[in-house]
Amino acid sequence: MANQQQPPKKKWNNILRLSLFWAILVFSVLAIIAVTTPSDDLKSVSITDVIKRANAGDIKKIEVQENDLKITPKDADNPTEKSRKEAGSSLTEQGLQQGKTEVEVIPPSETGNTIWNLAIIIIPVLIIVAFFMFMMRQAQGQNNQAMGFGKSKAKLYGIDKEKVVFDDIAGNDSAKQDLEEVVDFLKHPKKYESLGAKIPKGVLLVGNPGTGKTMLARAVAGEANVPFFSISGSEFVEMFVGVGASRVRDLFAKAKKNAPAIIFIDEIDAVGRKRGSGMGGGHDEREQTLNQILVEMDGFETGTNVIVLAATNRSDVLDPALLRPGRFDRRTNIMLPERRDRESILKVHFKNKPVDETVRLEDLAAKTAGSSGADLANIANEAAIVAARRNAKKISNADLTEAFEKVAIGPERKTKVMSEEERKMTAYHEAGHAIVGHILPDSDPVHKVTIIPRGGTGGVTWFLPPEDKSYTNVYEFKDILARAMGGRVAEKILYGPDGITTGAGSDLRKATEIARDMIIEQGMGSKLRDQVFHDDNGGMVFDKMTHERPYSDDTAKEIDLEVEALIKEASKRAEIVINKNRKHLDALASALLEEETLEEAAVNKILKNATLPKEVMLHETTV
């Protein structure tokens with residue numbers, strides 16, 4: 001652990017030496033000034049008063065040194081006053097009568113002049129020497145930086161830092177259970193080696209952004225009580241060839257010296273992409289860096305006890321050689337938190353925030369399905385900001401709701417001015433979404449409807465699932481498509497086929513994306529049932545962008561027809577529902593024009609007697 005303390009110690013030694021040098025220089029200058037500057041506590045009097053008193057016999061002695069005078073009164077033994085005579089004239093010429101007072105002429109001191117002359121020479125020399133030393137240190141620093149170009153930029157989090165442990169992280173119980181074995185490997189390596197077990201060399205953390213991959217890696221280091229080297233994958237890559245590989249070698253060398261230790265590479269897909277794609281230029285610095293990582297991981301000496309943790313949300317693009325056993329032996333999936341985990345995460349983020357009795361974190365946890373830990377932290381922070389903006393001492397449930405809606409669907413834009421015609425069109429558009437989603441049996445319930453512009457939309461109809469879902473069936477997908485088309489259909493019914501507006505643009509894009517996903521990724525087509533046609537993201541080959549499509553042109557045409565059929569079916573179902581419940585559409589639109597925002601209970605009350613047409617029931621017939 002000596003290497004761990006060396007960099008801070010060296011830094012403080014340099015600061016101490018530099019401070020000592022400047023302190024000595026300043027002290028020397030002040031000492032010279034002090035020596036050359038006469039100091040006394042004598043009272044200053046005018047020369048006229050001195051001559052007058054001397055002629056009257058009140059002064060015993062006058063000491064003359066050049067133009068400076070020291071006066072000893074008649075009743076004193078030492079000088080108590082001082083004065084100055086005119087330069088170039090004697091006291092007699094200025095009116096002093098001879099014989100009245102003793103006058104002693106003291107020759108000028110050569111010591112002060114000598115010191116002053118030396119100071120004039122020495123001080124500039126010291127300043128010049130200090131300047132050159134400063135320039136040399138700067139040049140040496142630049143030289144060290146140039147020589148250290150291939151050194152690793154990893155940050156070392158040692159055991160003397162504030163540690164993060166598993167208890168500090170809420171949720172992710174399955175991931176923590178997997179990583180607890182890694183901690184045990186680092187704490188008790190002999191236990192496993194005695195049974196012939198090899199310590200895993202790498203653990204890959206895979207999960208959506210914001211799920212806590214980096215925090216879990218820090219917790220492993222905190223639990224194991226070992227040094228933790230953290231670096232981003234992009235920090236390996238520079239414009240010069242071989243720098244990334246050199247930094248990899250230096251990083252692993254440092255980790256081995258501090259073993260047992262953990263190396264954490266965040267966003268490893270920056271350097272770990274599949275080789276041979278041609279991306280990165282002729283020399284392909286990324287490939288050289290990846291090759292060095294592969295060699296270092298597979299070349300660990302026995303008993304070094306260095307484990308590599310890596311995080312990514314793009315595991316599909318990583319090179320197969322990186323994922324094979326012997327390198328990243330384990331893969332830990334960090335999933336989005338479930339309802340119980342979300343409640344635990346919210347309690348952690350609200351632990352140090354004052355809340356009143358109205359706050360119910362369990363209700364917020366139920367409404368935030370699909371949110372990551374970072375999303376929940378953002379909601380907690382926004383709630384505190386909302387409460388502070390209204391000068392409150394505690395966070396209320398209203399603040400929490402406003403923060404959740406701001407993060408989920410964007411902030412309200414009440415300053416945007418809309419004409420009455422636009423407000424009416426928006427009200428019918430959102431009412432169309434709400435009534436279709438409310439009536440169809442496999443749709444999520446309506447949570448809120450508003451015609452106040454939020455984010456980039458003119459209004460929002462918000463559906464929330466009553467519970468977390470792991471799977472979605474065909475009926476649910478088709479009801480989602482129908483409610484997405486509800487806004488456009490309501491415009492068509494109200495204004496005619498040619499009266500539709502651009503307000504449904506985002507709805508149509510979303511519906512088309514869902515329909516294509518059903519056909520291509522989920523195998524839910526009618527003619528192409530149980531077939532998946534995954535589109536590759538493409539790549540570079542000989543400086544040209546390629547896009548691999550694993551199906552023929554005829555199949556592509558069939559996919560387009562399937563998507564078209566799904567959209568037409570959804571539009572037809574939405575039209576049947578709205579026409580059957582037209583009076584409820586008008587009532588809901590009128591309530592929106594009056595209230596602007598309706599919560600779930602108000603929507604349910606207005607649509608209480610809305611009916612479900614038999615023609616839209618997919619379980620029995622097909623539209």
# chains A, B, ... in the order shown; residues from 1 in each chain; ligands from 1
>>> select_by_dssp(residues="stretch 445-569 of chain A", states="strand (DSSP E or B)", output="PDB file with N, CA, C and O atoms, in the first residue's frame")
ATOM      1  N   VAL A 446     -56.207   5.465 -17.641  1.00  0.00           N
ATOM      2  CA  VAL A 446     -55.821   6.867 -17.806  1.00  0.00           C
ATOM      3  C   VAL A 446     -55.377   7.423 -16.456  1.00  0.00           C
ATOM      4  O   VAL A 446     -56.089   7.285 -15.444  1.00  0.00           O
ATOM      5  N   HIS A 447     -54.222   8.070 -16.424  1.00  0.00           N
ATOM      6  CA  HIS A 447     -53.724   8.674 -15.180  1.00  0.00           C
ATOM      7  C   HIS A 447     -54.029  10.166 -15.130  1.00  0.00           C
ATOM      8  O   HIS A 447     -54.423  10.688 -14.096  1.00  0.00           O
ATOM      9  N   LYS A 448     -53.860  10.841 -16.262  1.00  0.00           N
ATOM     10  CA  LYS A 448     -54.084  12.289 -16.289  1.00  0.00           C
ATOM     11  C   LYS A 448     -54.263  12.725 -17.739  1.00  0.00           C
ATOM     12  O   LYS A 448     -53.635  12.179 -18.654  1.00  0.00           O
ATOM     13  N   VAL A 449     -55.127  13.730 -17.949  1.00  0.00           N
ATOM     14  CA  VAL A 449     -55.309  14.340 -19.263  1.00  0.00           C
ATOM     15  C   VAL A 449     -55.190  15.846 -19.089  1.00  0.00           C
ATOM     16  O   VAL A 449     -55.805  16.421 -18.188  1.00  0.00           O
ATOM     17  N   THR A 450     -54.419  16.499 -19.936  1.00  0.00           N
ATOM     18  CA  THR A 450     -54.249  17.943 -19.835  1.00  0.00           C
ATOM     19  C   THR A 450     -54.102  18.540 -21.225  1.00  0.00           C
ATOM     20  O   THR A 450     -53.581  17.895 -22.143  1.00  0.00           O
ATOM     21  N   ARG A 454     -46.919  20.754 -22.530  1.00  0.00           N
ATOM     22  CA  ARG A 454     -45.841  20.252 -21.666  1.00  0.00           C
ATOM     23  C   ARG A 454     -44.731  19.754 -22.575  1.00  0.00           C
ATOM     24  O   ARG A 454     -44.978  19.012 -23.526  1.00  0.00           O
ATOM     25  N   THR A 457     -45.021  19.078 -26.503  1.00  0.00           N
ATOM     26  CA  THR A 457     -46.364  18.700 -26.950  1.00  0.00           C
ATOM     27  C   THR A 457     -47.373  19.787 -26.610  1.00  0.00           C
ATOM     28  O   THR A 457     -47.175  20.585 -25.692  1.00  0.00           O
ATOM     29  N   VAL A 460     -51.246  16.418 -23.219  1.00  0.00           N
ATOM     30  CA  VAL A 460     -50.775  15.080 -22.858  1.00  0.00           C
ATOM     31  C   VAL A 460     -51.936  14.256 -22.311  1.00  0.00           C
ATOM     32  O   VAL A 460     -52.732  14.741 -21.493  1.00  0.00           O
ATOM     33  N   THR A 461     -52.027  13.008 -22.802  1.00  0.00           N
ATOM     34  CA  THR A 461     -52.876  12.002 -22.172  1.00  0.00           C
ATOM     35  C   THR A 461     -51.950  10.918 -21.647  1.00  0.00           C
ATOM     36  O   THR A 461     -51.249  10.272 -22.414  1.00  0.00           O
ATOM     37  N   TRP A 462     -51.975  10.748 -20.357  1.00  0.00           N
ATOM     38  CA  TRP A 462     -50.970   9.931 -19.692  1.00  0.00           C
ATOM     39  C   TRP A 462     -51.615   8.644 -19.180  1.00  0.00           C
ATOM     40  O   TRP A 462     -52.564   8.676 -18.405  1.00  0.00           O
ATOM     41  N   PHE A 463     -51.058   7.495 -19.638  1.00  0.00           N
ATOM     42  CA  PHE A 463     -51.521   6.179 -19.181  1.00  0.00           C
ATOM     43  C   PHE A 463     -50.442   5.555 -18.312  1.00  0.00           C
ATOM     44  O   PHE A 463     -49.248   5.576 -18.665  1.00  0.00           O
ATOM     45  N   MET A 524     -44.946 -11.034 -34.357  1.00  0.00           N
ATOM     46  CA  MET A 524     -46.385 -10.963 -34.083  1.00  0.00           C
ATOM     47  C   MET A 524     -47.200 -10.600 -35.310  1.00  0.00           C
ATOM     48  O   MET A 524     -48.330 -10.116 -35.184  1.00  0.00           O
ATOM     49  N   ARG A 529     -45.940 -14.601 -38.839  1.00  0.00           N
ATOM     50  CA  ARG A 529     -45.989 -14.980 -37.430  1.00  0.00           C
ATOM     51  C   ARG A 529     -44.801 -15.877 -37.079  1.00  0.00           C
ATOM     52  O   ARG A 529     -44.399 -16.735 -37.866  1.00  0.00           O
ATOM     53  N   GLY A 539     -22.333  -0.898 -40.326  1.00  0.00           N
ATOM     54  CA  GLY A 539     -20.932  -0.719 -39.971  1.00  0.00           C
ATOM     55  C   GLY A 539     -20.170  -0.141 -41.138  1.00  0.00           C
ATOM     56  O   GLY A 539     -20.732   0.195 -42.185  1.00  0.00           O
ATOM     57  N   MET A 540     -18.838  -0.016 -40.959  1.00  0.00           N
ATOM     58  CA  MET A 540     -17.979   0.559 -41.984  1.00  0.00           C
ATOM     59  C   MET A 540     -17.144  -0.551 -42.599  1.00  0.00           C
ATOM     60  O   MET A 540     -16.494  -1.314 -41.888  1.00  0.00           O
ATOM     61  N   VAL A 541     -17.167  -0.622 -43.912  1.00  0.00           N
ATOM     62  CA  VAL A 541     -16.306  -1.542 -44.638  1.00  0.00           C
ATOM     63  C   VAL A 541     -15.668  -0.768 -45.777  1.00  0.00           C
ATOM     64  O   VAL A 541     -16.369  -0.242 -46.652  1.00  0.00           O
ATOM     65  N   LYS A 544     -16.942   2.728 -46.352  1.00  0.00           N
ATOM     66  CA  LYS A 544     -18.309   2.881 -46.829  1.00  0.00           C
ATOM     67  C   LYS A 544     -19.273   2.307 -45.800  1.00  0.00           C
ATOM     68  O   LYS A 544     -19.011   1.272 -45.207  1.00  0.00           O
ATOM     69  N   MET A 545     -20.363   3.019 -45.589  1.00  0.00           N
ATOM     70  CA  MET A 545     -21.364   2.575 -44.621  1.00  0.00           C
ATOM     71  C   MET A 545     -22.187   1.452 -45.229  1.00  0.00           C
ATOM     72  O   MET A 545     -22.704   1.564 -46.339  1.00  0.00           O
ATOM     73  N   THR A 546     -22.279   0.359 -44.496  1.00  0.00           N
ATOM     74  CA  THR A 546     -23.077  -0.772 -44.965  1.00  0.00           C
ATOM     75  C   THR A 546     -24.219  -1.005 -43.984  1.00  0.00           C
ATOM     76  O   THR A 546     -24.117  -0.713 -42.801  1.00  0.00           O
TER      77      THR A 546
END
>>> closest_atom_pairs(of="stretch 297-388 of chain A", to="stretch 268-273 of chain A", cutoff="9 Å", atoms="only C-alpha atoms", output="Markdown table")
| residue | atom | partner | partner_atom | distance |
| --- | --- | --- | --- | --- |
| A:Ala310 | CA | A:Ile268 | CA | 6.2 |
| A:Ala311 | CA | A:Ile268 | CA | 6.3 |
| A:Thr312 | CA | A:Ile268 | CA | 6.0 |
| A:Asn313 | CA | A:Asp269 | CA | 8.3 |
| A:Arg314 | CA | A:Asp269 | CA | 6.6 |
| A:Ser315 | CA | A:Asp269 | CA | 7.4 |
| A:Asp316 | CA | A:Arg273 | CA | 9.0 |
| A:Val317 | CA | A:Arg273 | CA | 5.4 |
| A:Leu318 | CA | A:Arg273 | CA | 4.5 |
| A:Asp319 | CA | A:Arg273 | CA | 5.3 |
| A:Leu322 | CA | A:Gly272 | CA | 7.3 |
>>> write_last_selection(atoms="N, CA and C atoms", output="short mmCIF file (atom, residue, chain, number, x, y, z; two decimals), in the first residue's frame")
data_model
loop_
_atom_site.label_atom_id
_atom_site.label_comp_id
_atom_site.auth_asym_id
_atom_site.auth_seq_id
_atom_site.Cartn_x
_atom_site.Cartn_y
_atom_site.Cartn_z
N ALA A 310 -16.15 -4.21 -15.64
CA ALA A 310 -16.42 -3.33 -16.77
C ALA A 310 -17.91 -3.11 -16.87
N ALA A 311 -18.30 -1.92 -17.29
CA ALA A 311 -19.72 -1.57 -17.40
C ALA A 311 -20.03 -1.13 -18.82
N THR A 312 -21.19 -1.51 -19.30
CA THR A 312 -21.65 -1.09 -20.63
C THR A 312 -23.15 -1.29 -20.73
N ASN A 313 -23.77 -0.52 -21.60
CA ASN A 313 -25.17 -0.77 -21.94
C ASN A 313 -25.28 -1.21 -23.40
N ARG A 314 -24.13 -1.56 -23.99
CA ARG A 314 -24.10 -2.02 -25.39
C ARG A 314 -23.29 -3.31 -25.47
N SER A 315 -23.69 -4.32 -24.76
CA SER A 315 -22.94 -5.56 -24.76
C SER A 315 -22.98 -6.26 -26.11
N ASP A 316 -23.97 -5.94 -26.93
CA ASP A 316 -24.10 -6.61 -28.22
C ASP A 316 -23.02 -6.21 -29.21
N VAL A 317 -22.31 -5.08 -28.96
CA VAL A 317 -21.28 -4.64 -29.90
C VAL A 317 -19.88 -5.05 -29.46
N LEU A 318 -19.75 -5.72 -28.30
CA LEU A 318 -18.43 -6.07 -27.79
C LEU A 318 -17.83 -7.23 -28.58
N ASP A 319 -16.51 -7.25 -28.63
CA ASP A 319 -15.80 -8.29 -29.36
C ASP A 319 -15.97 -9.64 -28.66
N LEU A 322 -13.43 -10.74 -26.09
CA LEU A 322 -13.46 -10.08 -24.79
C LEU A 322 -14.42 -10.78 -23.83
#
>>> atom_distance(atom1="atom CA of A:Asp363", atom2="atom CA of A:Asp341")
13.1 Å
>>> residues_around(residues="A:Glu86", least_positions_apart="3", cutoff="9 Å", atoms="only C-alpha atoms", output="list in words")
Ile47, Asn67, Ser89, Ser90, Leu91 and Gln94 of chain A
>>> write_last_selection(atoms="all heavy atoms", output="tab-separated table (two decimals), in the first residue's frame")
chain	number	residue	atom	x	y	z
A	47	ILE	N	13.87	72.42	13.58
A	47	ILE	CA	15.23	72.95	13.77
A	47	ILE	C	15.20	74.33	14.39
A	47	ILE	O	16.09	74.71	15.17
A	47	ILE	CB	15.97	72.96	12.40
A	47	ILE	CG1	17.44	73.39	12.60
A	47	ILE	CG2	15.25	73.84	11.40
A	47	ILE	CD1	18.23	72.44	13.45
A	67	ASN	N	22.96	65.27	8.13
A	67	ASN	CA	21.90	66.27	8.35
A	67	ASN	C	20.95	65.90	9.47
A	67	ASN	O	20.00	66.62	9.74
A	67	ASN	CB	21.10	66.48	7.07
A	67	ASN	CG	21.94	67.04	5.94
A	67	ASN	OD1	22.80	67.91	6.18
A	67	ASN	ND2	21.73	66.54	4.72
A	89	SER	N	24.58	73.37	5.15
A	89	SER	CA	24.84	74.49	6.09
A	89	SER	C	25.06	73.93	7.48
A	89	SER	O	24.52	72.88	7.82
A	89	SER	CB	23.67	75.48	6.08
A	89	SER	OG	22.50	74.85	6.57
A	90	SER	N	25.85	74.65	8.29
A	90	SER	CA	26.14	74.21	9.66
A	90	SER	C	25.11	74.79	10.60
A	90	SER	O	24.32	75.67	10.24
A	90	SER	CB	27.54	74.65	10.08
A	90	SER	OG	27.62	76.07	10.12
A	91	LEU	N	25.15	74.29	11.85
A	91	LEU	CA	24.23	74.82	12.86
A	91	LEU	C	24.54	76.27	13.18
A	91	LEU	O	23.64	77.07	13.47
A	91	LEU	CB	24.32	73.96	14.13
A	91	LEU	CG	23.77	72.53	14.01
A	91	LEU	CD1	24.00	71.78	15.32
A	91	LEU	CD2	22.29	72.55	13.67
A	94	GLN	N	22.93	78.46	10.84
A	94	GLN	CA	21.48	78.52	11.04
A	94	GLN	C	21.09	79.22	12.32
A	94	GLN	O	19.92	79.26	12.67
A	94	GLN	CB	20.91	77.09	11.02
A	94	GLN	CG	21.05	76.41	9.65
A	94	GLN	CD	20.34	75.08	9.58
A	94	GLN	OE1	19.50	74.79	10.42
A	94	GLN	NE2	20.71	74.28	8.59
>>> residues_around(residues="A:Ala54", least_positions_apart="4", cutoff="6 Å", atoms="only C-alpha atoms", output="list in words")
Asp58, Ile59 and Thr101 of chain A
>>> write_last_selection(atoms="all heavy atoms", output="short mmCIF file (atom, residue, chain, number, x, y, z; two decimals), in the first residue's frame")
data_model
loop_
_atom_site.label_atom_id
_atom_site.label_comp_id
_atom_site.auth_asym_id
_atom_site.auth_seq_id
_atom_site.Cartn_x
_atom_site.Cartn_y
_atom_site.Cartn_z
N ASP A 58 18.87 75.37 27.30
CA ASP A 58 18.01 74.26 27.71
C ASP A 58 18.42 72.93 27.09
O ASP A 58 17.82 71.89 27.38
CB ASP A 58 16.56 74.55 27.32
CG ASP A 58 16.00 75.74 28.08
OD1 ASP A 58 16.51 76.00 29.20
OD2 ASP A 58 15.06 76.40 27.57
N ILE A 59 19.43 72.91 26.25
CA ILE A 59 19.87 71.68 25.60
C ILE A 59 21.31 71.41 25.98
O ILE A 59 22.18 72.30 25.89
CB ILE A 59 19.73 71.77 24.07
CG1 ILE A 59 18.24 71.90 23.69
CG2 ILE A 59 20.37 70.57 23.37
CD1 ILE A 59 18.00 72.04 22.21
N THR A 101 25.92 75.25 23.84
CA THR A 101 25.56 73.83 23.82
C THR A 101 26.70 73.03 23.23
O THR A 101 27.38 73.48 22.29
CB THR A 101 24.29 73.60 22.98
OG1 THR A 101 23.23 74.40 23.50
CG2 THR A 101 23.89 72.14 22.98
#
>>> select_by_dssp(residues="stretch 326-426 of chain A", states="alpha helix (DSSP H)", output="number ranges by chain")
A: 339-349, 361-367, 373-389, 397-409, 420-426
>>> residues_around(residues="A:Glu467", least_positions_apart="4", cutoff="10 Å", atoms="only C-alpha atoms", output="PyMOL selection string")
chain A and resi 338-339+366-369+444
>>> write_last_selection(atoms="N, CA, C and O atoms", output="PDB file, in the first residue's frame")
ATOM      1  N   GLU A 338     -37.637  -3.007  -9.707  1.00  0.00           N
ATOM      2  CA  GLU A 338     -39.051  -3.326  -9.560  1.00  0.00           C
ATOM      3  C   GLU A 338     -39.693  -2.395  -8.536  1.00  0.00           C
ATOM      4  O   GLU A 338     -39.009  -1.557  -7.933  1.00  0.00           O
ATOM      5  N   ARG A 339     -40.995  -2.572  -8.333  1.00  0.00           N
ATOM      6  CA  ARG A 339     -41.730  -1.641  -7.466  1.00  0.00           C
ATOM      7  C   ARG A 339     -41.143  -1.598  -6.057  1.00  0.00           C
ATOM      8  O   ARG A 339     -40.928  -0.515  -5.500  1.00  0.00           O
ATOM      9  N   ALA A 366     -45.180   3.089  -7.181  1.00  0.00           N
ATOM     10  CA  ALA A 366     -46.134   2.367  -8.028  1.00  0.00           C
ATOM     11  C   ALA A 366     -46.295   3.038  -9.385  1.00  0.00           C
ATOM     12  O   ALA A 366     -46.568   2.368 -10.384  1.00  0.00           O
ATOM     13  N   LYS A 367     -46.124   4.368  -9.438  1.00  0.00           N
ATOM     14  CA  LYS A 367     -46.353   5.097 -10.684  1.00  0.00           C
ATOM     15  C   LYS A 367     -45.106   5.203 -11.559  1.00  0.00           C
ATOM     16  O   LYS A 367     -45.206   5.669 -12.694  1.00  0.00           O
ATOM     17  N   THR A 368     -43.962   4.802 -11.051  1.00  0.00           N
ATOM     18  CA  THR A 368     -42.714   5.030 -11.783  1.00  0.00           C
ATOM     19  C   THR A 368     -42.172   3.758 -12.415  1.00  0.00           C
ATOM     20  O   THR A 368     -40.956   3.526 -12.433  1.00  0.00           O
ATOM     21  N   ALA A 369     -43.048   2.902 -12.913  1.00  0.00           N
ATOM     22  CA  ALA A 369     -42.597   1.668 -13.559  1.00  0.00           C
ATOM     23  C   ALA A 369     -41.709   2.004 -14.756  1.00  0.00           C
ATOM     24  O   ALA A 369     -42.024   2.896 -15.546  1.00  0.00           O
ATOM     25  N   ASP A 444     -53.806   0.288 -20.572  1.00  0.00           N
ATOM     26  CA  ASP A 444     -53.538   0.798 -19.222  1.00  0.00           C
ATOM     27  C   ASP A 444     -54.549   1.892 -18.889  1.00  0.00           C
ATOM     28  O   ASP A 444     -55.033   2.606 -19.787  1.00  0.00           O
TER      29      ASP A 444
END
>>> residues_around(residues="A:Pro445", least_positions_apart="2", cutoff="10 Å", atoms="only C-alpha atoms", output="ChimeraX atom specification")
/A:434,437-443,447-448,462-466,600,604
>>> write_last_selection(atoms="N, CA, C and O atoms", output="compact mmCIF listing (two decimals), in the first residue's frame")
# COMPACT_ATOMS: atom_id res chain seq x y z
N ALA A 434 -57.90 9.52 -24.61
CA ALA A 434 -58.37 9.07 -23.30
C ALA A 434 -59.54 8.10 -23.41
O ALA A 434 -59.58 7.08 -22.72
N GLY A 437 -58.38 4.66 -24.82
CA GLY A 437 -57.61 3.93 -23.82
C GLY A 437 -58.44 3.49 -22.64
O GLY A 437 -58.19 2.44 -22.04
N HIS A 438 -59.44 4.30 -22.26
CA HIS A 438 -60.28 3.96 -21.11
C HIS A 438 -61.20 2.78 -21.42
O HIS A 438 -61.42 1.91 -20.56
N ILE A 439 -61.71 2.71 -22.64
CA ILE A 439 -62.72 1.70 -22.97
C ILE A 439 -62.09 0.36 -23.35
O ILE A 439 -62.60 -0.70 -22.94
N LEU A 440 -61.01 0.36 -24.10
CA LEU A 440 -60.43 -0.91 -24.55
C LEU A 440 -59.93 -1.71 -23.35
O LEU A 440 -59.28 -1.17 -22.44
N PRO A 441 -60.22 -3.00 -23.31
CA PRO A 441 -59.99 -3.80 -22.08
C PRO A 441 -58.52 -4.06 -21.76
O PRO A 441 -58.18 -4.26 -20.59
N ASP A 442 -57.64 -4.08 -22.76
CA ASP A 442 -56.24 -4.43 -22.50
C ASP A 442 -55.32 -3.21 -22.50
O ASP A 442 -54.10 -3.34 -22.62
N SER A 443 -55.90 -2.04 -22.35
CA SER A 443 -55.12 -0.81 -22.28
C SER A 443 -54.88 -0.43 -20.82
O SER A 443 -55.66 -0.79 -19.93
N HIS A 447 -54.22 8.07 -16.42
CA HIS A 447 -53.72 8.67 -15.18
C HIS A 447 -54.03 10.17 -15.13
O HIS A 447 -54.42 10.69 -14.10
N LYS A 448 -53.86 10.84 -16.26
CA LYS A 448 -54.08 12.29 -16.29
C LYS A 448 -54.26 12.73 -17.74
O LYS A 448 -53.64 12.18 -18.65
N TRP A 462 -51.98 10.75 -20.36
CA TRP A 462 -50.97 9.93 -19.69
C TRP A 462 -51.62 8.64 -19.18
O TRP A 462 -52.56 8.68 -18.40
N PHE A 463 -51.06 7.50 -19.64
CA PHE A 463 -51.52 6.18 -19.18
C PHE A 463 -50.44 5.56 -18.31
O PHE A 463 -49.25 5.58 -18.66
N LEU A 464 -50.84 4.99 -17.17
CA LEU A 464 -49.89 4.33 -16.29
C LEU A 464 -50.36 2.90 -16.01
O LEU A 464 -51.54 2.68 -15.69
N PRO A 465 -49.47 1.92 -16.11
CA PRO A 465 -49.87 0.54 -15.79
C PRO A 465 -50.12 0.38 -14.30
O PRO A 465 -49.42 0.98 -13.48
N PRO A 466 -51.11 -0.39 -13.92
CA PRO A 466 -51.40 -0.57 -12.49
C PRO A 466 -50.33 -1.38 -11.76
O PRO A 466 -50.23 -1.33 -10.54
N GLU A 600 -57.29 11.12 -12.88
CA GLU A 600 -57.88 9.82 -13.18
C GLU A 600 -59.32 9.73 -12.68
O GLU A 600 -60.20 9.24 -13.40
N ASN A 604 -62.65 9.08 -15.02
CA ASN A 604 -63.49 7.89 -14.80
C ASN A 604 -64.95 8.29 -14.54
O ASN A 604 -65.88 7.58 -14.98
>>> residues_around(residues="A:Gly171", least_positions_apart="3", cutoff="8 Å", atoms="only C-alpha atoms", output="list in words")
Pro337, Arg340, Asp341, Arg342, Ser344 and Ile345 of chain A
>>> write_last_selection(atoms="N, CA, C and O atoms", output="mmCIF file, in the first residue's frame")
data_model
loop_
_atom_site.group_PDB
_atom_site.id
_atom_site.type_symbol
_atom_site.label_atom_id
_atom_site.label_comp_id
_atom_site.auth_asym_id
_atom_site.auth_seq_id
_atom_site.Cartn_x
_atom_site.Cartn_y
_atom_site.Cartn_z
ATOM 1 N N PRO A 337 -35.190 -1.300 -11.697
ATOM 2 C CA PRO A 337 -35.735 -1.696 -10.393
ATOM 3 C C PRO A 337 -37.229 -1.998 -10.455
ATOM 4 O O PRO A 337 -37.989 -1.329 -11.165
ATOM 5 N N ARG A 340 -40.873 -2.756 -5.491
ATOM 6 C CA ARG A 340 -40.306 -2.788 -4.136
ATOM 7 C C ARG A 340 -38.931 -2.127 -4.097
ATOM 8 O O ARG A 340 -38.614 -1.390 -3.158
ATOM 9 N N ASP A 341 -38.129 -2.367 -5.133
ATOM 10 C CA ASP A 341 -36.805 -1.749 -5.196
ATOM 11 C C ASP A 341 -36.912 -0.237 -5.383
ATOM 12 O O ASP A 341 -36.124 0.520 -4.806
ATOM 13 N N ARG A 342 -37.876 0.195 -6.195
ATOM 14 C CA ARG A 342 -38.028 1.643 -6.408
ATOM 15 C C ARG A 342 -38.389 2.347 -5.104
ATOM 16 O O ARG A 342 -37.904 3.457 -4.831
ATOM 17 N N SER A 344 -37.510 1.393 -2.114
ATOM 18 C CA SER A 344 -36.278 1.429 -1.310
ATOM 19 C C SER A 344 -35.338 2.512 -1.807
ATOM 20 O O SER A 344 -34.703 3.223 -1.011
ATOM 21 N N ILE A 345 -35.223 2.654 -3.134
ATOM 22 C CA ILE A 345 -34.336 3.684 -3.704
ATOM 23 C C ILE A 345 -34.850 5.075 -3.339
ATOM 24 O O ILE A 345 -34.065 5.967 -2.984
#
>>> closest_residue(among="A:Val165, A:Ala380, A:Ile385, A:Ile231", to="A:Lys351", atoms="only C-alpha atoms")
A:Ala380
